[in-house]
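Remarks on the structure that follows.
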Amino acid sequence: MTIMRVPSGVAALFPMLLGLSALSAAGWAQLAPSPDAPPVSTAPAPSPDEESVATFKVQVNLVNVFFTVKDKAGNLVPHLTKDDCSVSEDKAPQTLKNFVAETHQPLTLGILLDTSGSQQRVLPLEQDAGSQFLERVLKPKDEAFLLSFDVNVDLLQDYTNSPRMLSRAMAKAEINTAGGNGAAGIPGAGGGTIPTIGAPKGTLLYDAVYLASNEKLNQETGRKAMIVLTDGEDQGSRYKIGESIAAAQRSNVIVYVILIADRGFYGGFGMGYWGYSAMKKMAEETGGRLIDVGNNGKKLEAAFQQIEDELRTQYVASYTPTNTKLDGGFRHLAVECHGDGMKVQARKGYFAMAPQN
């Protein structure tokens, strides 16, 4: 497969998904259609009455909230029912229409791999543990894609159900330190040993999350998750962290962040690398979790296992909001499950449907 390279000075990704070209900024490359894109219809145009019915259906705002529940000991809690949990939106209780355990429902997964200079020594660990995870987690109806990000954002493998193809693409991922000044070490930072923030492009982490959400996951339905393997450092992204989080929330994507870093690269500062708080916010706001593994291979394997267990022990609660305004505004969510020490892991909110033109 040919890997598309995107110049660091252009906020672009890869060929755009069918039907999304109108949403991209001018000058962006277009995404190729997803392999499972629906065929073009040759049916006659609908009558005005049919069009009205279709418009009405689109405007029905059914909210799906995916979440996991743990007891006070941190163990996942299965077998909950509709009567065990409640959902409120902007503090207003909502009436649940559906409540289902999503243990074996199809999963759409995006793996985002940090290939900037700071990951030089831990990339082999990521490749090995990530391949094993994909081999275990992908079921017959699941699909996944693989991105890498450094001074560019590259699609290494488009949607596939094949762990072998994903593992092969992951094995070919390479560290890219080609900063604007050609320096080694940290792209765009002069090759120093401590990350610095400057004008040159460095690690387009926020761009990668934004583009993966908007260009790849937005058109998918059902359960969607993103796993980001990174030290959490962003340099030179066009999009800010808030915009990346919003893109994931709009696409109903759960973001898991595996914080992995070569501590020696940070001059012995240990936990002091800067991306921790930003990545924790991104994960928690979208209903995921941050797992800090340092540069420990065993902890990395355990992190993947925890994510796998959570993805296979999810619930989805569905409701029609009591707030019927189609204003595109942000609505805060709170999910509670009754029981001693029950802790719910769910996204913090969602964006309402925008006004219809």
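Naming works like this for the structure tokens: A, B, ... for the chains as they're shown, residue 1 at the start of each chain, ligands 1 onward in shown order.
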
Please identify all polymer residues within 6 Å of Tyr256 in chain A, counting only C-alpha atoms, omitting same-chain residues fewer than 2 positions from it, and present them as a list of chain:residue names.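 Counting only the stated atoms, we get A:Ile227, A:Ala283, A:Gly288, A:Arg289, A:Leu290.
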
At most 7 Å is the cut-off: for each residue in range 197-292 of chain A with any atom that close to an atom of range 337-351 of chain A, write down the nearest atom pair and the distance in Å rounded to one decimal, counting only C-alpha atoms, chain first then increasing number, as JSON lines.
{"residue": "A:Gln249", "atom": "CA", "partner": "A:Tyr350", "partner_atom": "CA", "distance": 5.8}
{"residue": "A:Arg250", "atom": "CA", "partner": "A:Phe351", "partner_atom": "CA", "distance": 6.0}
{"residue": "A:Glu284", "atom": "CA", "partner": "A:Arg347", "partner_atom": "CA", "distance": 6.8}
{"residue": "A:Glu285", "atom": "CA", "partner": "A:Lys348", "partner_atom": "CA", "distance": 5.1}
{"residue": "A:Thr286", "atom": "CA", "partner": "A:Arg347", "partner_atom": "CA", "distance": 4.3}
{"residue": "A:Gly287", "atom": "CA", "partner": "A:Arg347", "partner_atom": "CA", "distance": 3.7}
{"residue": "A:Gly288", "atom": "CA", "partner": "A:Gln345", "partner_atom": "CA", "distance": 7.0}

Smallest atom-to-atom distance to Pro106 in chain A: which of A:Leu147, A:Leu80, A:Ala225, A:Met165, using only C-alpha atoms?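 For Pro106 in chain A, the nearest of the candidates is A:Ala225.
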
Per DSSP on the backbone, filter range 143-350 of chain A down to the residues in strand (DSSP E or B) and report them as number ranges by chain. A: 143-149, 153-160, 203, 223-230, 235, 254-260, 286, 290-294, 315-319, 330-337, 343-347, 349-350

Using only C-alpha atoms, which residues sit within 9 Å of range 307-317 of chain A once same-chain residues fewer than 3 positions away are excluded, as a PDB file with C-alpha atoms, in the first residue's frame?
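Done, and the output landed in result.pdb:
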ATOM      1  CA  VAL A  63     -28.896  10.343  21.902  1.00  0.00           C
ATOM      2  CA  ASN A  64     -26.821   7.212  22.476  1.00  0.00           C
ATOM      3  CA  VAL A  65     -24.539   7.185  25.508  1.00  0.00           C
ATOM      4  CA  PHE A  66     -21.927   4.418  25.664  1.00  0.00           C
ATOM      5  CA  PHE A  67     -20.425   3.779  29.085  1.00  0.00           C
ATOM      6  CA  THR A  68     -18.751   1.278  31.379  1.00  0.00           C
ATOM      7  CA  VAL A  69     -19.346   0.748  35.090  1.00  0.00           C
ATOM      8  CA  LEU A  76     -16.056  -4.016  35.624  1.00  0.00           C
ATOM      9  CA  VAL A  77     -19.735  -4.546  36.425  1.00  0.00           C
ATOM     10  CA  PRO A  78     -21.741  -6.604  33.902  1.00  0.00           C
ATOM     11  CA  LEU A  80     -26.898  -4.132  34.786  1.00  0.00           C
ATOM     12  CA  LYS A  82     -32.368  -0.195  32.692  1.00  0.00           C
ATOM     13  CA  CYS A  85     -28.915   3.422  35.839  1.00  0.00           C
ATOM     14  CA  SER A  86     -30.147   6.932  35.063  1.00  0.00           C
ATOM     15  CA  VAL A  87     -29.121   9.680  32.640  1.00  0.00           C
ATOM     16  CA  LEU A  96     -34.476   5.965  28.655  1.00  0.00           C
ATOM     17  CA  LYS A  97     -35.949   4.366  25.551  1.00  0.00           C
ATOM     18  CA  ASN A  98     -33.345   1.618  25.290  1.00  0.00           C
ATOM     19  CA  PHE A  99     -30.693   0.137  27.543  1.00  0.00           C
ATOM     20  CA  VAL A 100     -28.476  -2.590  26.105  1.00  0.00           C
ATOM     21  CA  ALA A 101     -25.271  -4.361  27.043  1.00  0.00           C
ATOM     22  CA  GLU A 102     -22.955  -3.937  24.049  1.00  0.00           C
ATOM     23  CA  THR A 103     -20.611  -6.807  24.891  1.00  0.00           C
ATOM     24  CA  HIS A 104     -20.446  -8.333  21.427  1.00  0.00           C
ATOM     25  CA  GLN A 105     -21.737  -5.544  19.185  1.00  0.00           C
ATOM     26  CA  LEU A 107     -16.760  -2.059  16.988  1.00  0.00           C
ATOM     27  CA  PHE A 133      -4.166  -6.331  20.866  1.00  0.00           C
ATOM     28  CA  ARG A 136      -7.371 -10.387  20.085  1.00  0.00           C
ATOM     29  CA  VAL A 137      -9.921  -7.592  19.886  1.00  0.00           C
ATOM     30  CA  ARG A 223     -19.600   1.715  18.899  1.00  0.00           C
ATOM     31  CA  ALA A 225     -13.256   4.125  19.863  1.00  0.00           C
ATOM     32  CA  ILE A 227      -6.623   4.520  20.948  1.00  0.00           C
ATOM     33  CA  TYR A 256      -8.319   6.101  25.121  1.00  0.00           C
ATOM     34  CA  ARG A 289      -9.397   6.867  30.057  1.00  0.00           C
ATOM     35  CA  ALA A 302      -1.794  -4.603  30.586  1.00  0.00           C
ATOM     36  CA  ALA A 303      -3.150  -1.265  29.279  1.00  0.00           C
ATOM     37  CA  PHE A 304      -4.289  -2.867  26.032  1.00  0.00           C
TER      38      PHE A 304
END

Run DSSP on the backbone and give me the residues of range 292-352 of chain A it puts in alpha helix (DSSP H), as number ranges by chain. A: 297-311

For CA of Arg121 in chain A and CA of Ala144 in chain A, quote the distance in Å rounded to one decimal.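 Answer for the CA of Arg121 in chain A to CA of Ala144 in chain A separation: 25.4 Å.
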
Using only C-alpha atoms, determine which residues lie at most 9 Å from Leu211 in chain A, disregarding the query and same-chain residues fewer than 4 positions distant; provide the list as a list in words.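 The filter keeps Ala12, Leu13, Val153, Tyr206, Asp207, Glu215, Lys216, Leu217, Ser244 and Ala247 of chain A.
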
May I ask which of the residues A:Ser116, A:Gln94, A:Ser88, A:Asn161 is the closest one to Asp234 in chain A, counting only C-alpha atoms? A:Ser116

Report the distance between CA of Thr324 in chain A and CA of Asn61 in chain A in Å, rounded to one decimal place.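 Answer for the CA of Thr324 in chain A to CA of Asn61 in chain A separation: 8.0 Å.
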
Nearest-residue call for Ala173 in chain A, choices A:Val228, A:Leu113, A:Ala208, A:Leu138, using only C-alpha atoms: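 Checking each of A:Val228, A:Leu113, A:Ala208, A:Leu138 against Ala173 in chain A, counting only C-alpha atoms, the winner is A:Leu113.
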
Using only C-alpha atoms, which residues sit within 6 Å of Thr108 in chain A once same-chain residues fewer than 2 positions away are excluded, as a VMD selection string? chain A and resid 142 to 144 224

What separation in Å, quoted to one decimal, exists between CA of Lys141 in chain A and CA of Ile111 in chain A?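 One can read the CA of Lys141 in chain A to CA of Ile111 in chain A distance as 17.2 Å.
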
Across A:Phe149, A:Tyr319, A:Tyr210, A:Tyr159, the smallest distance to Leu229 in chain A, with only C-alpha atoms counted, is shown by A:Phe149
